[in-house]
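File shown: my_file19.csv (CSV, C-alpha atoms).
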chain,number,residue,atom,x,y,z
A,169,MET,CA,138.7,104.1,65.2
A,170,GLU,CA,138.5,107.8,64.7
A,171,LEU,CA,134.7,107.7,64.4
A,172,PHE,CA,134.6,105.7,67.7
A,173,ASP,CA,136.8,108.3,69.4
A,174,THR,CA,134.6,111.1,68.2
A,175,PHE,CA,131.5,109.3,69.4
A,176,GLN,CA,133.1,108.7,72.8
A,177,HIS,CA,134.1,112.3,73.1
A,178,ILE,CA,130.5,113.4,72.3
A,179,ILE,CA,128.9,111.2,74.9
A,180,ALA,CA,131.5,112.0,77.5
A,181,ASP,CA,131.3,115.8,77.1
A,182,ASP,CA,130.3,117.6,80.3
A,183,ASN,CA,128.7,120.4,78.3
A,184,VAL,CA,125.2,120.2,77.0
A,185,THR,CA,125.6,119.8,73.2
A,186,ILE,CA,123.3,118.7,70.5
A,187,GLY,CA,125.2,115.4,70.0
A,188,SER,CA,125.3,114.5,73.7
A,189,SER,CA,121.7,115.5,74.2
A,190,LEU,CA,120.4,113.4,71.4
A,191,PHE,CA,122.4,110.4,72.6
A,192,LYS,CA,121.1,110.8,76.1
A,193,LEU,CA,117.5,111.1,74.9
A,194,VAL,CA,117.8,108.0,72.7
A,195,LEU,CA,119.4,106.0,75.6
A,196,SER,CA,116.8,107.0,78.1
A,197,MET,CA,114.1,106.1,75.5
A,198,VAL,CA,115.6,102.6,75.1
A,199,LEU,CA,116.0,102.0,78.9
A,200,GLY,CA,112.5,103.2,79.6
A,201,SER,CA,111.0,101.1,76.9
A,202,MET,CA,112.7,98.0,78.4
A,203,VAL,CA,110.9,98.5,81.7
A,204,GLY,CA,107.6,99.4,79.9
A,205,LEU,CA,107.7,96.2,77.9
A,206,GLU,CA,107.7,94.1,81.0
A,207,ARG,CA,104.8,96.0,82.5
A,208,ARG,CA,102.8,95.7,79.3
A,209,GLN,CA,103.3,92.0,79.2
A,210,LYS,CA,101.7,91.9,82.7
A,211,GLY,CA,98.6,93.6,81.3
A,212,GLN,CA,99.2,97.0,82.7
A,213,ILE,CA,97.9,100.1,80.9
A,214,ALA,CA,101.2,101.9,81.3
A,215,GLY,CA,103.5,100.3,78.7
A,216,MET,CA,106.5,101.0,76.5
A,217,ARG,CA,105.3,104.4,75.4
A,218,THR,CA,104.5,105.7,78.9
A,219,PHE,CA,107.7,104.5,80.4
A,220,ALA,CA,109.8,105.8,77.5
A,221,LEU,CA,108.2,109.2,77.7
A,222,ILE,CA,108.8,109.3,81.5
A,223,SER,CA,112.4,108.4,81.1
A,224,MET,CA,113.0,110.9,78.2
A,225,GLY,CA,111.1,113.6,80.0
A,226,ALA,CA,113.3,113.2,83.1
A,227,THR,CA,116.4,113.2,80.9
A,228,LEU,CA,115.3,116.4,79.2
A,229,ALA,CA,114.6,118.0,82.6
A,230,MET,CA,118.1,117.2,83.7
A,231,LEU,CA,119.6,118.5,80.5
A,232,VAL,CA,117.7,121.8,80.9
A,233,SER,CA,118.9,122.0,84.5
A,234,ILE,CA,122.5,121.7,83.5
A,235,TYR,CA,122.1,123.9,80.4
A,236,ILE,CA,120.6,127.0,82.0
A,237,PRO,CA,123.4,127.8,84.5
A,238,GLN,CA,126.0,126.7,82.0
A,239,GLU,CA,124.8,128.8,79.1
A,240,TYR,CA,123.2,131.9,80.7
A,241,LEU,CA,125.1,132.2,84.0
A,242,GLY,CA,128.5,131.0,82.8
A,243,LEU,CA,128.6,128.4,85.6
A,244,LYS,CA,130.3,125.1,84.8
A,245,ASN,CA,128.8,123.6,87.9
A,246,GLY,CA,125.7,125.5,88.7
A,247,ASP,CA,122.7,124.0,90.5
A,248,PRO,CA,121.3,121.3,88.1
A,249,GLY,CA,119.2,119.9,90.9
A,250,ARG,CA,116.6,122.6,91.0
A,251,ILE,CA,114.6,121.5,88.0
A,252,ALA,CA,115.5,117.9,88.3
A,253,ALA,CA,114.2,117.7,91.9
A,254,GLN,CA,110.7,118.7,90.7
A,255,VAL,CA,110.7,115.5,88.5
A,256,ILE,CA,110.8,113.3,91.5
A,257,SER,CA,107.9,115.1,93.2
A,258,GLY,CA,106.0,115.7,90.0
A,259,ILE,CA,106.1,112.0,88.9
A,260,GLY,CA,103.7,111.3,91.8
A,261,PHE,CA,100.6,112.3,89.9
A,262,LEU,CA,101.4,109.8,87.2
A,263,GLY,CA,102.0,107.1,89.8
A,264,ALA,CA,98.7,108.0,91.4
A,265,GLY,CA,97.0,107.6,88.1
A,266,ALA,CA,98.5,104.1,87.6
A,267,ILE,CA,97.1,102.9,91.0
A,268,ILE,CA,93.6,101.6,90.7
A,269,GLN,CA,91.4,100.6,93.7
A,270,MET,CA,88.8,98.0,92.9
A,271,LYS,CA,86.6,95.9,95.1
A,272,GLY,CA,88.9,96.2,98.1
A,273,SER,CA,92.0,95.4,96.1
A,274,VAL,CA,94.7,97.7,94.9
A,275,ARG,CA,96.3,97.4,91.4
A,276,GLY,CA,99.2,99.3,90.0
A,277,LEU,CA,101.5,99.8,93.0
A,278,THR,CA,104.4,98.1,91.3
A,279,THR,CA,103.8,100.0,88.1
A,280,ALA,CA,103.8,103.3,90.0
A,281,ALA,CA,107.0,102.4,91.7
A,282,GLY,CA,108.5,101.5,88.3
A,283,MET,CA,107.5,104.9,87.0
A,284,TRP,CA,109.3,106.6,89.9
A,285,MET,CA,112.4,104.5,89.4
A,286,THR,CA,112.3,105.1,85.6
A,287,ALA,CA,112.2,108.9,86.2
A,288,SER,CA,115.3,108.5,88.3
A,289,ILE,CA,117.0,106.6,85.5
A,290,GLY,CA,116.2,109.3,83.1
A,291,LEU,CA,117.8,111.9,85.5
A,292,ALA,CA,120.9,109.6,85.7
A,293,VAL,CA,121.1,109.5,81.9
A,294,GLY,CA,120.8,113.2,81.7
A,295,ALA,CA,123.6,113.6,84.2
A,296,GLY,CA,125.8,111.3,82.1
A,297,MET,CA,125.7,108.3,84.5
A,298,TYR,CA,125.2,105.8,81.6
A,299,ILE,CA,126.5,102.7,83.4
A,300,VAL,CA,124.5,103.4,86.5
A,301,ALA,CA,121.4,104.1,84.5
A,302,THR,CA,121.7,100.9,82.4
A,303,ALA,CA,122.4,98.9,85.5
A,304,GLY,CA,119.4,100.4,87.2
A,305,SER,CA,117.2,99.5,84.3
A,306,LEU,CA,118.4,95.9,84.3
A,307,LEU,CA,117.9,95.7,88.1
A,308,ILE,CA,114.3,96.9,87.7
A,309,ILE,CA,113.6,94.2,85.2
A,310,ALA,CA,115.3,91.6,87.4
A,311,VAL,CA,113.1,92.7,90.3
A,312,LEU,CA,109.9,92.6,88.3
A,313,ILE,CA,110.7,89.2,86.7
A,314,LEU,CA,112.9,87.2,89.1
A,315,LEU,CA,111.3,88.3,92.3
A,316,GLU,CA,107.9,87.6,90.9
A,317,LEU,CA,109.1,84.0,90.1
A,318,ALA,CA,110.5,83.7,93.7
A,319,GLU,CA,107.2,84.9,95.2
A,320,LYS,CA,105.2,82.4,93.1
A,321,HIS,CA,107.5,79.6,94.2
A,322,TYR,CA,107.3,80.6,97.8
A,323,PHE,CA,103.5,80.9,97.8
A,324,LYS,CA,103.0,77.9,95.5
A,325,GLY,CA,99.7,76.2,96.2
A,326,ARG,CA,98.6,79.2,98.3
A,327,GLU,CA,96.5,81.6,96.3
A,328,LEU,CA,95.3,85.1,97.1
A,329,LYS,CA,91.6,85.6,96.3
A,330,ILE,CA,88.8,88.2,96.9
A,331,VAL,CA,85.4,86.9,97.9
A,332,ARG,CA,82.7,89.6,97.4
A,333,LEU,CA,79.6,88.8,99.4
A,334,LYS,CA,76.4,90.8,99.0
A,335,VAL,CA,73.6,90.1,101.4
A,336,ASP,CA,70.1,91.4,101.9
A,337,GLY,CA,69.8,93.8,104.9
A,338,ILE,CA,72.3,95.5,107.1
A,339,LEU,CA,74.7,92.8,108.2
A,340,GLN,CA,75.3,92.8,111.9
A,341,ASP,CA,77.3,89.7,112.4
A,342,VAL,CA,79.8,88.1,109.9
A,343,THR,CA,80.7,85.3,112.3
A,344,PRO,CA,78.8,82.6,110.4
A,345,TYR,CA,80.6,83.4,107.2
A,346,ARG,CA,84.0,83.4,109.0
A,347,GLN,CA,83.2,80.0,110.4
A,348,LEU,CA,82.5,78.7,106.9
A,349,PHE,CA,85.8,80.0,105.7
A,350,GLU,CA,87.6,78.3,108.6
A,351,GLU,CA,85.8,75.0,107.9
A,352,HIS,CA,87.2,75.1,104.3
A,353,HIS,CA,90.7,76.1,105.6
A,354,VAL,CA,90.5,79.5,104.0
A,355,HIS,CA,92.4,82.2,105.9
A,356,ILE,CA,90.9,85.7,106.0
A,357,SER,CA,93.6,88.4,105.6
A,358,ASP,CA,91.3,91.4,105.7
A,359,GLU,CA,87.7,92.5,105.4
A,360,PHE,CA,86.1,95.6,103.8
A,361,TYR,CA,82.5,96.6,104.4
A,362,ARG,CA,80.0,98.7,102.5
A,363,TYR,CA,76.6,99.4,104.0
A,364,ASP,CA,73.9,100.7,101.6
A,365,TYR,CA,71.1,102.0,103.8
A,366,THR,CA,69.1,103.2,100.8
A,367,GLN,CA,68.9,99.7,99.1
A,368,GLY,CA,69.1,97.9,102.4
A,369,THR,CA,72.1,95.7,101.4
A,370,THR,CA,75.6,95.0,102.7
A,371,ILE,CA,78.7,94.2,100.7
A,372,VAL,CA,81.7,92.5,102.3
A,373,ASN,CA,85.0,92.0,100.5
A,374,PHE,CA,87.0,89.2,102.1
A,375,MET,CA,90.7,89.1,101.2
A,376,VAL,CA,91.6,85.5,101.6
A,377,ARG,CA,94.5,83.1,101.2
A,378,CYS,CA,93.7,79.5,100.3
A,379,GLN,CA,94.9,76.3,98.8
A,380,ASP,CA,94.6,76.0,95.1
A,381,ARG,CA,92.4,72.9,95.6
A,382,THR,CA,89.8,74.8,97.7
A,383,ASP,CA,86.3,73.9,96.7
A,384,PHE,CA,84.7,77.3,96.4
A,385,VAL,CA,81.6,75.9,94.7
A,386,ARG,CA,80.7,74.0,97.8
A,387,LEU,CA,81.7,76.9,100.1
A,388,PHE,CA,79.5,79.3,98.2
A,389,ALA,CA,76.6,76.8,98.3
A,390,GLN,CA,76.8,76.7,102.0
A,391,MET,CA,77.0,80.5,102.2
A,392,HIS,CA,73.9,80.8,100.0
A,393,ALA,CA,72.1,78.4,102.2
A,394,THR,CA,72.0,81.1,105.0
A,395,GLY,CA,69.1,82.6,103.1
A,396,THR,CA,70.3,86.2,103.0
A,397,VAL,CA,73.0,86.1,100.3
A,398,LEU,CA,72.1,88.0,97.1
A,399,SER,CA,75.4,87.3,95.2
A,400,LEU,CA,78.9,85.9,95.6
A,401,THR,CA,81.9,86.9,93.5
A,402,LEU,CA,85.3,85.3,93.4
A,403,THR,CA,88.3,87.1,91.8
A,404,ASN,CA,92.0,86.8,92.0
A,405,GLU,CA,93.8,89.4,94.0
A,406,VAL,CA,95.7,91.7,91.6
A,407,ASN,CA,98.8,93.3,93.1
A,408,ASN,CA,100.9,94.2,90.0
Can you give me the file's structure in the form of structure tokens?
Amino acid sequence: MELFDTFQHIIADDNVTIGSSLFKLVLSMVLGSMVGLERRQKGQIAGMRTFALISMGATLAMLVSIYIPQEYLGLKNGDPGRIAAQVISGIGFLGAGAIIQMKGSVRGLTTAAGMWMTASIGLAVGAGMYIVATAGSLLIIAVLILLELAEKHYFKGRELKIVRLKVDGILQDVTPYRQLFEEHHVHISDEFYRYDYTQGTTIVNFMVRCQDRTDFVRLFAQMHATGTVLSLTLTNEVNN
């Protein structure tokens, strides 16, 4: 009981001590790792180590923010927000690195948002808001897992695809291809064009929503029959 009271006193201490700092760093490491584990399971490059380091770094920044005015200026309640505020703006470059643009699709937005939230959790741990930080971590995981299941249930049978069309020459009119999509009940959400005047080719990325039973083999055969198609690529839209 005495050991528990001592531990409780250490983690509840407002002053930045070795004991409280070590506890906060370990807790932020665990909470960050929890979020990183979910991201790694989804095939993201940023996994447990990345998220753990982000959370621990934010916690350490908050501890330094509290320690400096407390130790050198004699202020019990200084301005701990100065250094900590830079974490929120500084985490942006990591988030930007997690976002990948490929073939008209964007991958990594959810991971970047998770990084930003994990940094905030680290700051909360550094400020001693243990319950709030833990609840925040659990809510992040709930959003990443439960809302994904809800989205899959809502859009069940309606898949998001990317059709990459490369044609010979500078394409002036895409109406024939749009009509083919309509005939197969494929809805076009967006289109992206790339004109290569050196090679004399055009690449069009169609962001489409379709039924899971859509016969793309037949659709592509009809597109190829136009006589100008050089290649056709079908990929799943990645939005993790």
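Of the residues under consideration (A:Phe191, A:Tyr235, A:Tyr361, A:Phe219), A:Phe219 shows the shortest atom-to-atom contact distance to A:Ala280 when counting only C-alpha atoms.
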Local residues around (116.5, 114.5, 82.2), at most 6 Å away, using all atoms listed in the file, as JSON, numbers by chain: {"A": [225, 226, 227, 228, 229, 230, 231, 290, 291, 294]}
Radius query 7 Å about (116.0, 98.3, 80.1), atoms used: all atoms listed in the file, as a PDB file with C-alpha atoms, in the frame of the given file:
ATOM      1  CA  VAL A 198     115.600 102.600  75.100  1.00  0.00           C
ATOM      2  CA  LEU A 199     116.000 102.000  78.900  1.00  0.00           C
ATOM      3  CA  GLY A 200     112.500 103.200  79.600  1.00  0.00           C
ATOM      4  CA  SER A 201     111.000 101.100  76.900  1.00  0.00           C
ATOM      5  CA  MET A 202     112.700  98.000  78.400  1.00  0.00           C
ATOM      6  CA  VAL A 203     110.900  98.500  81.700  1.00  0.00           C
ATOM      7  CA  THR A 302     121.700 100.900  82.400  1.00  0.00           C
ATOM      8  CA  SER A 305     117.200  99.500  84.300  1.00  0.00           C
ATOM      9  CA  LEU A 306     118.400  95.900  84.300  1.00  0.00           C
ATOM     10  CA  ILE A 309     113.600  94.200  85.200  1.00  0.00           C
TER      11      ILE A 309
END
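Checking A:Leu190, A:Ile371, A:Cys378, A:Ile313 one by one against A:Ile356, counting only C-alpha atoms, you find the shortest gap at A:Cys378.
Of the residues listed (A:Ile308, A:Val293, A:Leu400, A:Met375), A:Met375 shows the shortest atom-to-atom separation from A:Ile330; distances use all atoms listed in the file.
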For stretch 391-396 of chain A, work out the shell of residues within 10 Å, counting all atoms listed in the file and skipping chain neighbours fewer than 2 positions away, then give it as a PDB file with C-alpha atoms, in the frame of the given file.
ATOM      1  CA  LEU A 333      79.600  88.800  99.400  1.00  0.00           C
ATOM      2  CA  LYS A 334      76.400  90.800  99.000  1.00  0.00           C
ATOM      3  CA  VAL A 335      73.600  90.100 101.400  1.00  0.00           C
ATOM      4  CA  ASP A 336      70.100  91.400 101.900  1.00  0.00           C
ATOM      5  CA  GLY A 337      69.800  93.800 104.900  1.00  0.00           C
ATOM      6  CA  LEU A 339      74.700  92.800 108.200  1.00  0.00           C
ATOM      7  CA  PRO A 344      78.800  82.600 110.400  1.00  0.00           C
ATOM      8  CA  TYR A 345      80.600  83.400 107.200  1.00  0.00           C
ATOM      9  CA  LEU A 348      82.500  78.700 106.900  1.00  0.00           C
ATOM     10  CA  PHE A 349      85.800  80.000 105.700  1.00  0.00           C
ATOM     11  CA  THR A 369      72.100  95.700 101.400  1.00  0.00           C
ATOM     12  CA  VAL A 385      81.600  75.900  94.700  1.00  0.00           C
ATOM     13  CA  ARG A 386      80.700  74.000  97.800  1.00  0.00           C
ATOM     14  CA  LEU A 387      81.700  76.900 100.100  1.00  0.00           C
ATOM     15  CA  PHE A 388      79.500  79.300  98.200  1.00  0.00           C
ATOM     16  CA  ALA A 389      76.600  76.800  98.300  1.00  0.00           C
ATOM     17  CA  LEU A 398      72.100  88.000  97.100  1.00  0.00           C
ATOM     18  CA  SER A 399      75.400  87.300  95.200  1.00  0.00           C
ATOM     19  CA  LEU A 400      78.900  85.900  95.600  1.00  0.00           C
TER      20      LEU A 400
END
Separation of atom CA of A:Leu205 from atom CA of A:Thr218, in Å and rounded to one decimal: 10.1 Å
Selection: 7 Å around A:Ser223, all atoms listed in the file, excl. self and same-chain fewer than 5 positions, as a ChimeraX atom specification: /A:196-197,200,286-287,289-290
Write a file of the selected residues as a compact mmCIF listing (two decimals), in the coordinates of the input, keeping C-alpha atoms.
# COMPACT_ATOMS: atom_id res chain seq x y z
CA SER A 196 116.80 107.00 78.10
CA MET A 197 114.10 106.10 75.50
CA GLY A 200 112.50 103.20 79.60
CA THR A 286 112.30 105.10 85.60
CA ALA A 287 112.20 108.90 86.20
CA ILE A 289 117.00 106.60 85.50
CA GLY A 290 116.20 109.30 83.10
Atom CA of A:Phe360 to atom CA of A:Met283, distance in Å rounded to a single decimal: 28.8 Å
Top pick for closest residue to A:Ala292, considering A:Val376, A:Thr382, A:Lys192, A:Val397 and counting all atoms listed in the file: A:Lys192
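Pairwise distance (atom CA of A:Asp383, atom CA of A:Leu402) equals 11.9 Å.
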Minimum-distance residue to A:Glu351, chosen among A:Ser288, A:Gln238, A:Gln390, A:Gln209 (using all atoms listed in the file): A:Gln390
